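This is target07.cif. It holds mmCIF, C-alpha atoms and all ligand atoms.
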data_entry
loop_
_atom_site.label_atom_id
_atom_site.label_comp_id
_atom_site.auth_asym_id
_atom_site.auth_seq_id
_atom_site.Cartn_x
_atom_site.Cartn_y
_atom_site.Cartn_z
CA MET F 274 -1.75 -7.30 -10.44
CA ARG F 275 -0.11 -8.34 -7.18
CA LEU F 276 -1.19 -7.12 -3.74
CA ASP F 277 1.27 -7.00 -0.86
CA VAL F 278 0.08 -6.17 2.62
CA ASN F 279 3.11 -5.58 4.80
CA ASP F 280 2.88 -5.62 8.60
CA VAL F 281 -0.41 -3.71 8.70
CA SER F 282 -1.78 -2.79 12.12
CA VAL F 283 -5.05 -0.98 12.77
CA THR F 284 -6.10 0.59 16.06
CA LEU F 285 -9.73 1.71 16.50
CA ALA F 286 -11.04 3.39 19.65
CA ARG F 287 -7.71 2.54 21.32
CA ALA F 288 -8.20 -1.17 20.63
CA ASP F 289 -5.69 -3.07 18.48
CA ILE F 290 -7.95 -4.69 15.89
CA VAL F 291 -5.42 -5.75 13.25
CA LYS F 292 -2.01 -6.74 14.53
CA SER F 293 0.92 -6.70 12.15
CA VAL F 294 -0.73 -8.64 9.33
CA SER F 295 1.19 -9.48 6.17
CA LEU F 296 -0.31 -11.22 3.19
CA ARG F 297 0.17 -11.51 -0.54
CA VAL F 298 -2.22 -12.06 -3.44
CA GLU F 299 -0.41 -13.03 -6.60
CA ASP F 300 -1.84 -11.89 -9.93
CA GLY F 301 -4.82 -14.03 -10.97
CA ARG F 302 -5.15 -15.79 -7.62
CA PHE F 303 -8.37 -16.03 -5.62
CA VAL F 304 -7.38 -15.64 -1.98
CA GLY F 305 -9.80 -16.05 0.91
CA LEU F 306 -9.77 -14.34 4.30
CA ILE F 307 -11.60 -16.43 6.86
CA GLY F 308 -12.06 -16.24 10.61
CA PRO F 309 -14.71 -15.86 13.32
CA ASN F 310 -16.97 -12.82 13.78
CA GLY F 311 -15.08 -9.80 15.03
CA CYS F 312 -11.58 -11.18 14.29
CA GLY F 313 -10.74 -8.16 12.09
CA LYS F 314 -11.36 -9.29 8.51
CA SER F 315 -13.45 -6.27 7.46
CA THR F 316 -11.12 -3.86 9.20
CA LEU F 317 -8.14 -5.34 7.38
CA LEU F 318 -9.98 -5.12 4.05
CA LYS F 319 -11.01 -1.51 4.79
CA SER F 320 -7.38 -0.63 5.41
CA ILE F 321 -6.58 -2.08 1.97
CA TYR F 322 -9.31 -0.08 0.21
CA LYS F 323 -8.48 3.12 2.10
CA VAL F 324 -11.53 3.51 4.32
CA VAL F 325 -9.53 2.90 7.50
CA ARG F 326 -6.02 4.24 7.98
CA PRO F 327 -3.56 1.72 9.43
CA SER F 328 -1.43 2.83 12.38
CA ALA F 329 1.53 0.98 10.84
CA GLY F 330 2.47 -0.98 7.75
CA GLY F 331 2.07 -0.65 4.01
CA VAL F 332 -0.19 -1.78 1.18
CA ILE F 333 1.31 -2.10 -2.30
CA LEU F 334 -0.77 -2.91 -5.39
CA ASP F 335 1.23 -3.54 -8.53
CA GLY F 336 4.00 -1.27 -7.27
CA THR F 337 1.62 1.54 -6.24
CA ASP F 338 1.67 2.66 -2.61
CA VAL F 339 -2.07 2.39 -1.95
CA LEU F 340 -1.98 4.32 1.33
CA ARG F 341 -0.34 7.34 -0.32
CA ALA F 342 -2.09 7.19 -3.72
CA SER F 343 -5.27 9.20 -4.40
CA PRO F 344 -8.60 7.35 -4.09
CA LYS F 345 -9.13 7.80 -7.85
CA THR F 346 -5.77 6.24 -8.69
CA VAL F 347 -6.60 3.24 -6.51
CA ALA F 348 -10.17 2.99 -7.90
CA ARG F 349 -8.80 2.69 -11.44
CA MET F 350 -7.10 -0.52 -10.36
CA MET F 351 -9.16 -1.93 -7.50
CA GLY F 352 -12.87 -2.77 -7.36
CA VAL F 353 -14.52 -3.15 -3.96
CA VAL F 354 -17.69 -4.87 -2.79
CA GLY F 355 -18.12 -3.92 0.85
CA GLN F 356 -20.30 -5.52 3.47
CA PHE F 357 -23.02 -2.87 3.82
CA ASN F 358 -24.65 -1.38 0.79
CA GLU F 359 -26.89 1.25 2.30
CA LEU F 360 -27.24 4.69 0.73
CA SER F 361 -28.84 7.90 1.98
CA PHE F 362 -29.98 8.96 -1.49
CA ASP F 363 -31.81 6.85 -3.97
CA PHE F 364 -30.45 6.04 -7.41
CA THR F 365 -31.69 3.71 -10.10
CA VAL F 366 -29.89 0.42 -10.54
CA ARG F 367 -28.43 1.67 -13.84
CA GLU F 368 -27.15 4.88 -12.21
CA MET F 369 -25.54 2.88 -9.41
CA VAL F 370 -23.65 0.70 -11.87
CA LEU F 371 -22.68 3.69 -14.00
CA MET F 372 -20.87 5.07 -10.94
CA GLY F 373 -18.37 2.27 -11.50
CA ARG F 374 -17.16 4.19 -14.57
CA THR F 375 -16.34 7.37 -12.58
CA PRO F 376 -12.68 6.55 -11.81
CA HIS F 377 -12.01 6.32 -15.55
CA LYS F 378 -13.45 9.75 -16.36
CA LYS F 379 -12.40 13.35 -16.07
CA LEU F 380 -14.57 15.88 -14.27
CA LEU F 381 -17.73 16.69 -16.31
CA ASP F 382 -17.02 13.97 -18.90
CA ALA F 383 -20.33 12.70 -20.33
CA ASP F 384 -21.16 9.00 -20.31
CA SER F 385 -19.90 7.39 -23.49
CA ALA F 386 -21.47 4.59 -25.53
CA GLU F 387 -18.70 2.36 -24.16
CA ASP F 388 -19.73 3.26 -20.58
CA GLU F 389 -23.33 2.32 -21.39
CA ARG F 390 -22.21 -0.95 -22.97
CA LEU F 391 -20.11 -1.90 -19.94
CA VAL F 392 -23.01 -1.11 -17.60
CA GLU F 393 -25.43 -3.29 -19.63
CA GLU F 394 -22.89 -6.10 -19.74
CA ALA F 395 -22.29 -5.95 -15.97
CA LEU F 396 -26.04 -5.90 -15.23
CA LEU F 397 -26.59 -8.85 -17.56
CA THR F 398 -23.79 -10.78 -15.87
CA VAL F 399 -25.33 -10.48 -12.40
CA GLY F 400 -28.89 -11.06 -13.68
CA MET F 401 -30.08 -7.52 -12.88
CA LEU F 402 -30.64 -6.10 -16.39
CA PRO F 403 -34.45 -6.48 -16.14
CA MET F 404 -34.36 -4.30 -12.99
CA ALA F 405 -32.10 -1.57 -14.46
CA GLY F 406 -34.78 1.11 -14.01
CA ARG F 407 -35.71 0.16 -10.43
CA SER F 408 -34.81 2.27 -7.41
CA PHE F 409 -31.78 0.82 -5.64
CA LEU F 410 -33.30 1.34 -2.19
CA SER F 411 -36.34 -0.74 -3.14
CA LEU F 412 -34.24 -3.85 -3.83
CA SER F 413 -33.84 -6.88 -1.58
CA GLY F 414 -30.51 -7.46 0.16
CA GLY F 415 -29.41 -10.02 -2.44
CA GLU F 416 -30.42 -7.79 -5.35
CA LYS F 417 -28.47 -4.88 -3.84
CA GLN F 418 -25.45 -7.14 -3.43
CA ARG F 419 -25.61 -8.10 -7.13
CA VAL F 420 -25.90 -4.45 -8.20
CA VAL F 421 -22.87 -3.50 -6.11
CA LEU F 422 -20.95 -6.34 -7.73
CA ALA F 423 -22.10 -5.12 -11.16
CA ARG F 424 -20.77 -1.65 -10.27
CA ALA F 425 -17.40 -3.20 -9.40
CA LEU F 426 -17.41 -5.14 -12.71
CA ALA F 427 -18.28 -2.01 -14.74
CA GLN F 428 -15.20 -0.44 -13.17
CA GLN F 429 -13.12 -3.03 -15.08
CA PRO F 430 -10.90 -3.59 -12.08
CA ARG F 431 -7.61 -5.41 -12.29
CA PHE F 432 -7.92 -6.41 -8.63
CA LEU F 433 -11.00 -7.09 -6.51
CA VAL F 434 -11.56 -6.79 -2.77
CA LEU F 435 -14.76 -8.46 -1.59
CA ASP F 436 -16.17 -8.43 1.92
CA GLU F 437 -18.56 -11.36 2.23
CA PRO F 438 -19.71 -11.11 -1.38
CA THR F 439 -22.20 -13.96 -0.95
CA ASN F 440 -23.91 -12.35 2.03
CA HIS F 441 -27.70 -12.21 1.36
CA LEU F 442 -27.41 -14.33 -1.78
CA ASP F 443 -29.37 -17.52 -2.35
CA ILE F 444 -27.38 -20.59 -3.31
CA LYS F 445 -27.76 -20.04 -7.08
CA TYR F 446 -26.25 -16.57 -6.88
CA GLN F 447 -23.62 -17.62 -4.31
CA LEU F 448 -22.28 -20.16 -6.79
CA GLN F 449 -22.79 -17.91 -9.80
CA ILE F 450 -21.05 -14.89 -8.26
CA LEU F 451 -18.07 -16.86 -6.97
CA SER F 452 -17.66 -18.65 -10.33
CA LEU F 453 -17.93 -15.34 -12.13
CA VAL F 454 -15.35 -13.67 -9.89
CA LYS F 455 -13.01 -16.62 -10.35
CA SER F 456 -13.47 -16.55 -14.12
CA LEU F 457 -12.29 -12.93 -14.29
CA GLY F 458 -8.75 -14.23 -13.86
CA ILE F 459 -7.68 -11.20 -11.79
CA GLY F 460 -6.30 -11.11 -8.24
CA VAL F 461 -9.08 -11.34 -5.66
CA LEU F 462 -9.01 -10.99 -1.88
CA ALA F 463 -12.36 -12.01 -0.38
CA ALA F 464 -13.59 -12.36 3.19
CA LEU F 465 -15.79 -15.45 3.25
CA HIS F 466 -17.76 -17.11 6.03
CA ASP F 467 -18.72 -20.35 4.33
CA LEU F 468 -15.67 -22.55 4.76
CA GLU F 469 -16.74 -25.15 2.19
CA LEU F 470 -17.27 -22.46 -0.44
CA ALA F 471 -13.92 -20.93 0.54
CA ALA F 472 -12.29 -24.34 0.02
CA ALA F 473 -14.04 -24.80 -3.33
CA TYR F 474 -13.12 -21.43 -4.84
CA CYS F 475 -9.96 -20.15 -3.17
CA ASP F 476 -6.43 -20.98 -4.25
CA HIS F 477 -5.06 -19.90 -0.89
CA LEU F 478 -6.54 -19.03 2.51
CA TYR F 479 -5.50 -16.72 5.32
CA LEU F 480 -7.19 -17.55 8.62
CA VAL F 481 -7.45 -14.65 11.06
CA LYS F 482 -7.79 -15.03 14.81
CA GLN F 483 -7.96 -11.99 17.08
CA GLY F 484 -6.39 -9.67 14.53
CA ARG F 485 -3.48 -11.92 13.57
CA ILE F 486 -2.90 -14.45 10.80
CA TYR F 487 -3.27 -17.78 12.61
CA ALA F 488 -2.76 -20.07 9.60
CA GLU F 489 -2.28 -19.75 5.85
CA GLY F 490 -1.92 -22.04 2.89
CA PRO F 491 -3.94 -24.09 0.42
CA PRO F 492 -7.49 -24.72 1.75
CA ARG F 493 -6.80 -28.35 2.69
CA SER F 494 -3.87 -27.40 4.87
CA VAL F 495 -5.78 -24.63 6.69
CA LEU F 496 -9.19 -26.28 7.06
CA THR F 497 -8.29 -29.12 9.38
CA ARG F 498 -10.35 -30.38 12.31
CA GLU F 499 -7.73 -29.11 14.78
CA ILE F 500 -7.46 -25.62 13.34
CA ILE F 501 -11.24 -25.19 12.97
CA SER F 502 -11.70 -26.32 16.56
CA GLU F 503 -9.01 -23.93 17.85
CA VAL F 504 -10.25 -20.90 15.94
CA PHE F 505 -14.03 -21.36 15.60
CA GLU F 506 -14.52 -23.48 18.75
CA VAL F 507 -16.60 -25.99 16.83
CA ASP F 508 -15.84 -29.65 16.40
CA CYS F 509 -16.13 -31.08 12.91
CA GLN F 510 -15.16 -33.91 10.65
CA ILE F 511 -13.38 -33.14 7.39
CA TYR F 512 -14.23 -35.47 4.52
CA GLU F 513 -13.94 -35.69 0.79
CA ASN F 514 -17.31 -34.92 -0.75
CA PRO F 515 -18.14 -38.10 -2.70
CA VAL F 516 -20.04 -36.16 -5.38
CA THR F 517 -17.86 -33.12 -6.00
CA GLY F 518 -14.52 -34.50 -4.77
CA GLY F 519 -14.17 -31.23 -2.87
CA LEU F 520 -13.48 -30.68 0.79
CA GLY F 521 -16.54 -31.30 2.97
CA ILE F 522 -16.99 -30.21 6.57
CA ALA F 523 -19.52 -31.93 8.84
CA TYR F 524 -20.03 -29.74 11.90
CA LEU F 525 -20.80 -31.58 15.11
CA GLU F 526 -23.04 -30.05 17.73
CA SER F 527 -21.39 -29.86 21.16
CA GLY F 528 -23.98 -32.29 22.58
CA ARG F 529 -23.26 -34.81 19.87
CA VAL F 530 -19.52 -34.39 20.38
CA ALA F 531 -19.91 -35.07 24.10
CA ALA F 532 -22.10 -38.11 23.35
CA SER F 533 -19.69 -39.52 20.78
CA GLU F 534 -16.72 -38.95 23.11
CA ALA F 535 -18.57 -40.69 25.94
CA ALA F 536 -19.39 -43.58 23.59
CA ALA F 537 -15.74 -43.78 22.53
CA ALA F 538 -14.65 -43.80 26.21
CA ARG F 539 -17.11 -46.61 26.98
CA THR F 540 -15.74 -48.64 24.06
CA ARG F 541 -12.18 -48.13 25.32
CA SER F 542 -12.98 -49.25 28.92
N1 LIG G 1 -14.95 2.01 14.29
C1 LIG G 1 -14.73 1.10 15.24
N2 LIG G 1 -14.48 1.47 16.53
C2 LIG G 1 -14.25 0.54 17.47
N3 LIG G 1 -14.21 -0.78 17.25
C3 LIG G 1 -14.45 -1.21 16.01
C4 LIG G 1 -14.73 -0.30 14.94
N4 LIG G 1 -14.92 -1.02 13.82
C5 LIG G 1 -14.79 -2.32 14.17
N5 LIG G 1 -14.51 -2.43 15.48
C6 LIG G 1 -14.30 -3.69 16.23
O1 LIG G 1 -13.21 -4.35 15.63
C7 LIG G 1 -13.40 -5.77 15.71
C8 LIG G 1 -13.21 -6.37 14.34
O2 LIG G 1 -14.31 -5.98 13.51
P1 LIG G 1 -14.41 -6.43 12.00
O3 LIG G 1 -15.66 -5.84 11.44
O4 LIG G 1 -13.13 -6.10 11.33
O5 LIG G 1 -14.53 -8.00 12.16
P2 LIG G 1 -14.87 -9.13 11.10
O6 LIG G 1 -13.84 -10.19 11.24
O7 LIG G 1 -15.05 -8.56 9.75
O8 LIG G 1 -16.26 -9.65 11.68
P3 LIG G 1 -17.57 -10.27 10.98
O9 LIG G 1 -17.20 -11.67 10.56
O10 LIG G 1 -18.55 -10.28 12.12
O11 LIG G 1 -17.98 -9.40 9.84
C9 LIG G 1 -14.78 -5.98 16.30
O12 LIG G 1 -14.64 -6.28 17.67
C10 LIG G 1 -15.46 -4.65 16.12
O13 LIG G 1 -16.42 -4.41 17.13
#
Whole structure given in structure tokens:
Amino acid sequence: MRLDVNDVSVTLARADIVKSVSLRVEDGRFVGLIGPNGCGKSTLLKSIYKVVRPSAGGVILDGTDVLRASPKTVARMMGVVGQFNELSFDFTVREMVLMGRTPHKKLLDADSAEDERLVEEALLTVGMLPMAGRSFLSLSGGEKQRVVLARALAQQPRFLVLDEPTNHLDIKYQLQILSLVKSLGIGVLAALHDLELAAAYCDHLYLVKQGRIYAEGPPRSVLTREIISEVFEVDCQIYENPVTGGLGIAYLESGRVAASEAAAARTRS
């Protein structure tokens, strides 16, 4: 399922937050959205999953006009893991995940054996089956995050939108969840903060700066020292990780940068 975001702009409280952004996620590709705090990643994702209405532009998923389609129509295709998972009412973990089946049901349809099977499978996948009877509100941040992902998996989406899916997760679950999402083989658009993880898992990156796409391409072409310095205002060295062969980023503290530049200047003179 292919996602096309065409010239989307979002204005909130009279501020232009997303400015004419276009992007594409081809079927089966894992695409990352990266950028500094407040650059507009979540707002852009919310406009894709219909929580925020763009002031201009269009969102097309597999030929369906997402902005005009009903929420149920979109939910049959698209699973979402948002950034905040708070609820006013308490549900059990199993009930939360069962909600993922709602888009596939008619009003008053009972839960089928297949629904129950998909819920068990999703809970098993994220390691939350032993806590199926627990109250959702009593869970830790990482446990909640895994339940919300299980709900999205039970939905059997053909496209996933993830807003910082590894937020709150310890390293085991960060790696497990990203590997799992990648193994689904469906189109994924995910906002990620960890640039090394983004490089390891994403086929393609869009880097956002102040509401606009600043750079896009394969991770190695986007995650360069120059671009990271321009957008994140942090100096770094890019290297090939000798163990994994993946892209490594060594961040340099500003004091150390100044010291190494001074040392380099002394060597030159
Ligand atoms: N409802 C709103 N009204 C006014 N401003 C908003 C609203 N929602 C978000 N913003 C502002 O829009 C900007 C972009 O926010 P957004 O949450 O999209 O950023 P982000 O890139 O996801 O940031 P982070 O990495 O910190 O999660 C921020 O300056 C934020 O304060």
Give me, as a Markdown table, each residue of chain F that comes within 9 Å of ligand LIG 1 (chain G), together with its shortest interatomic pair and the distance in Å at one decimal, counting only C-alpha atoms and all ligand atoms, with rows ordered by chain and rising residue number.
| residue | atom | partner | partner_atom | distance |
| --- | --- | --- | --- | --- |
| F:Thr284 | CA | G:LIG1 | C2 | 8.3 |
| F:Leu285 | CA | G:LIG1 | N2 | 4.8 |
| F:Ala286 | CA | G:LIG1 | C2 | 4.8 |
| F:Arg287 | CA | G:LIG1 | C2 | 7.8 |
| F:Ala288 | CA | G:LIG1 | N3 | 6.9 |
| F:Asp289 | CA | G:LIG1 | O1 | 8.1 |
| F:Ile290 | CA | G:LIG1 | O1 | 5.3 |
| F:Val291 | CA | G:LIG1 | C8 | 7.9 |
| F:Ile307 | CA | G:LIG1 | O6 | 7.9 |
| F:Gly308 | CA | G:LIG1 | O6 | 6.3 |
| F:Pro309 | CA | G:LIG1 | O9 | 5.6 |
| F:Asn310 | CA | G:LIG1 | O10 | 3.4 |
| F:Gly311 | CA | G:LIG1 | O5 | 3.4 |
| F:Cys312 | CA | G:LIG1 | O6 | 3.9 |
| F:Gly313 | CA | G:LIG1 | O4 | 3.2 |
| F:Lys314 | CA | G:LIG1 | O6 | 3.8 |
| F:Ser315 | CA | G:LIG1 | O7 | 3.6 |
| F:Thr316 | CA | G:LIG1 | O4 | 3.7 |
| F:Leu317 | CA | G:LIG1 | O4 | 6.4 |
| F:Leu318 | CA | G:LIG1 | O4 | 8.0 |
| F:Lys319 | CA | G:LIG1 | O4 | 8.3 |
| F:Val325 | CA | G:LIG1 | N1 | 8.7 |
| F:Gln356 | CA | G:LIG1 | O11 | 7.8 |
| F:Asp436 | CA | G:LIG1 | O7 | 7.9 |
| F:Glu437 | CA | G:LIG1 | O11 | 7.9 |
| F:Ala464 | CA | G:LIG1 | O7 | 7.7 |
| F:Leu465 | CA | G:LIG1 | O9 | 8.3 |
| F:His466 | CA | G:LIG1 | O9 | 7.1 |
| F:Val481 | CA | G:LIG1 | O6 | 7.8 |
| F:Lys482 | CA | G:LIG1 | O6 | 8.5 |
| F:Gln483 | CA | G:LIG1 | C8 | 8.2 |
| F:Gly484 | CA | G:LIG1 | C8 | 7.6 |
**OP:** Can you work out the spacing between CA of Ser295 (chain F) and CA of Gly336 (chain F) in Å, to one decimal?
**Re:**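 Interatomic distance, CA of Ser295 (chain F) to CA of Gly336 (chain F): 16.0 Å.
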**OP:** Fewer than 6 positions away in the same chain doesn't count, so skip those; otherwise give me all residues within 10 Å of Arg493 (chain F), counting only C-alpha atoms, as a list in words.
**Re:** Ala472, His477, Leu478, Ile511, Gly519 and Leu520 of chain F
**OP:** Would you kindly return, as number ranges by chain, each protein, DNA or RNA residue with an atom no farther than 12 Å from any atom of Ser452 (chain F), considering only C-alpha atoms and excluding same-chain residues fewer than 6 positions away?
**Re:** F: 303, 398-399, 438-439, 445-446, 458, 470-471, 473-475
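Interatomic distance, CA of Arg326 (chain F) against CA of Ala423 (chain F): 26.7 Å.
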Original post:
Separation of CA of Cys509 (chain F) and CA of Val495 (chain F), in Å?
Top reply: 13.7 Å
Where is the centre and how long are the edges: axis-aligned box on region 407-410 of chain F, 8 Å on each side, Å to one decimal, as lines of an AutoDock Vina configuration file:
center_x = -33.7
center_y = 1.2
center_z = -6.3
size_x = 19.9
size_y = 18.1
size_z = 24.2
Subject >> Asp338 (chain F) surroundings by all atoms listed in the file, 12 Å radius, close-in-sequence under 5 positions cut, as a ChimeraX atom specification >> reply: /F:276-279,321-323,330-333,343-344,346-347
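Counting only C-alpha atoms and comparing F:Leu371, F:Val366, F:Leu435, F:Ser320, the residue that lies closest to Pro403 (chain F) is F:Val366.
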**OP:** Name the residues in contact with region 393-396 of chain F at a cut-off of 6 Å, using all atoms listed in the file, excluding same-chain residues fewer than 5 positions from it; report them as a VMD selection string.
**Re:** chain F and resid 401 to 402 423 426 to 427
Keeping only C-alpha atoms, take the residues you just selected and write them out as a PDB file, keeping the file's coordinate frame.
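Saved the output as selection_29.pdb:
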ATOM      1  CA  MET F 401     -30.080  -7.520 -12.880  1.00  0.00           C
ATOM      2  CA  LEU F 402     -30.640  -6.100 -16.390  1.00  0.00           C
ATOM      3  CA  ALA F 423     -22.100  -5.120 -11.160  1.00  0.00           C
ATOM      4  CA  LEU F 426     -17.410  -5.140 -12.710  1.00  0.00           C
ATOM      5  CA  ALA F 427     -18.280  -2.010 -14.740  1.00  0.00           C
TER       6      ALA F 427
END
Original post:
With distances taken over only C-alpha atoms, which of F:Gly490, F:Asp384, F:Phe432, F:Val420 is nearest to Leu334 (chain F)?
Top reply: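 Distance minimum relative to Leu334 (chain F) lands on F:Phe432.
Between Arg390 (chain F) and the candidates F:Lys378, F:Lys455, F:Arg485, F:Arg367, the tightest atom-to-atom separation, counting all atoms listed in the file, involves F:Arg367.
Nearest residue to Gly352 (chain F) among F:Ser411, F:Ser502, F:Thr375, F:Thr365 is F:Thr375, counting all atoms listed in the file.
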**OP:** Kindly indicate which residue among F:Val392, F:Val454, F:Leu525, F:Val281 lies nearest to Gly301 (chain F), using all atoms listed in the file for the distances.
**Re:** F:Val454
